[in-house]
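Have a look at the structure below, then the notes.
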Amino acid sequence: MTDRAEGWLIDLHAEDHPWDDAACRAELSADEARRADRFRDPAAAVTYVRARSTVRRVLAHVFGGTPAQVRLGTEPDRRPYLPDHPDWYVSWSRTAGVLLVAVRDGAPIGVDAEVIRPVKSPAKVLRTFYPDAVALGAIDDPETFLSAWTLLEAAVKATGRGLAQGARDVRLYRPPGSRRCALGGIRGAGPVPWSGRTDRFAAPRSPVRVMTAVVTRGPAAPVRLNAWRLP
């Protein structure tokens, strides 16, 4: 998988997948299990447990071993890291019961996923974090707004800077005639260029549609995205 990003897009509530929630919970770390216990909403707890179990299943698929054996840590900038595989990077995002998780060897990666839906005052929302939003033109179309938003989120996850501090360093643009925005670069993030892509997927639970973004350092790397199937 060297020099290639690979991701998995999973519907955590797909009716055609027989989730074993007890088995999923058994794969969590003690800290993850305690966090699951703190959810007041049982449905939210189930979604969290399935998501963390799926992240672990993906990493066990990539590196070998069992999901329970995967060690996950958190950098000071809140990015996840893999103590046993320091040259690898992982990122994940969850929206309305859909999980996107991606890994890459040798280069930072960030991902974001959002259910495609109308957003109230999208230009105002985007300008809150991205002052150059006006240069993107009209963004009332949910696909236009969410392409920009997911790229921002994925970019700041990849750099570890966070939306409040890192979004202003991201450069977005709108290709002529395109509904979607694209990544032009990230200022102050080293001499190596950054690349990003967005995709739209229809979830198994109709009519849910999801916008995904993957941002990584280096020229546009092939991204193998496995949609709606566990590894």
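Each chain in the structure tokens gets a letter, A, B and so on, in the order shown; residues start at 1 in every chain, and ligands are counted from 1 in the order they appear.
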Strand (DSSP E) residues, from DSSP on the backbone, in range 85-188 of chain A, as an NGL selection string: :A and (88-95 or 98-105 or 109-115 or 170-173 or 182-186)
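Taking only C-alpha atoms, the non-local environment of Val101 in chain A within 8 Å (same-chain residues fewer than 6 positions away omitted) comprises Gly7, Trp8, Leu9, Val55, Val58, Val90, Ser91, Trp92, Ser93 and Val111 of chain A.
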Contact residues around His85 in chain A with only C-alpha atoms at 9 Å, ignoring same-chain residues under 4 positions, as an MDAnalysis selection string: chainID A and resid 63 81 89
Select, from A:Thr159, A:Ser206, A:Ser53, A:Thr128, the residue with the minimum atom-to-atom distance to Arg187 in chain A, counting only C-alpha atoms.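 The shortest atom-to-atom distance to Arg187 in chain A comes from A:Thr159.
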I need the residue nearest Leu152 in chain A from this list: A:Leu99, A:Ala5, A:Ala213, A:Ala123. Use only C-alpha atoms for the distance.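 Among the listed residues, A:Ala213 lies closest to Leu152 in chain A.
The shortest atom-to-atom distance to Asn226 in chain A, with only C-alpha atoms taken into account, belongs to A:Ala102 out of A:Val214, A:Val115, A:Ala102, A:Ala30.
When only C-alpha atoms are used to measure the gap to Ala113 in chain A, the shortest distance among A:Arg40, A:Arg56, A:Arg209, A:Arg180 belongs to A:Arg209.
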Let's see if you can do this: from backbone DSSP, list all helix (DSSP H, G or I) residues in range 5-51 of chain A, as a PyMOL selection string. chain A and resi 21-26+30-38+42-51
Could you give me, as a list of chain:residue names, the residues within 8 Å of Val98 in chain A, counting only C-alpha atoms and dropping anything in the same chain fewer than 3 positions from it?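 Those residues are A:Leu9, A:Ile10, A:Asp11, A:Leu12, A:His13, A:Arg94, A:Thr95, A:Ala113.
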Written file, previous selection with C-alpha atoms, as a PDB file, in the first residue's frame:
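Once written, selection_9.pdb looks like this:
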ATOM      1  CA  LEU A   9     -16.894   3.911   3.864  1.00  0.00           C
ATOM      2  CA  ILE A  10     -19.201   1.965   6.162  1.00  0.00           C
ATOM      3  CA  ASP A  11     -22.893   2.318   6.983  1.00  0.00           C
ATOM      4  CA  LEU A  12     -23.022   1.579  10.713  1.00  0.00           C
ATOM      5  CA  HIS A  13     -26.768   0.954  10.562  1.00  0.00           C
ATOM      6  CA  ARG A  94     -18.513   9.891  11.276  1.00  0.00           C
ATOM      7  CA  THR A  95     -21.784  11.451  10.108  1.00  0.00           C
ATOM      8  CA  ALA A 113     -17.721  12.849   5.600  1.00  0.00           C
TER       9      ALA A 113
END
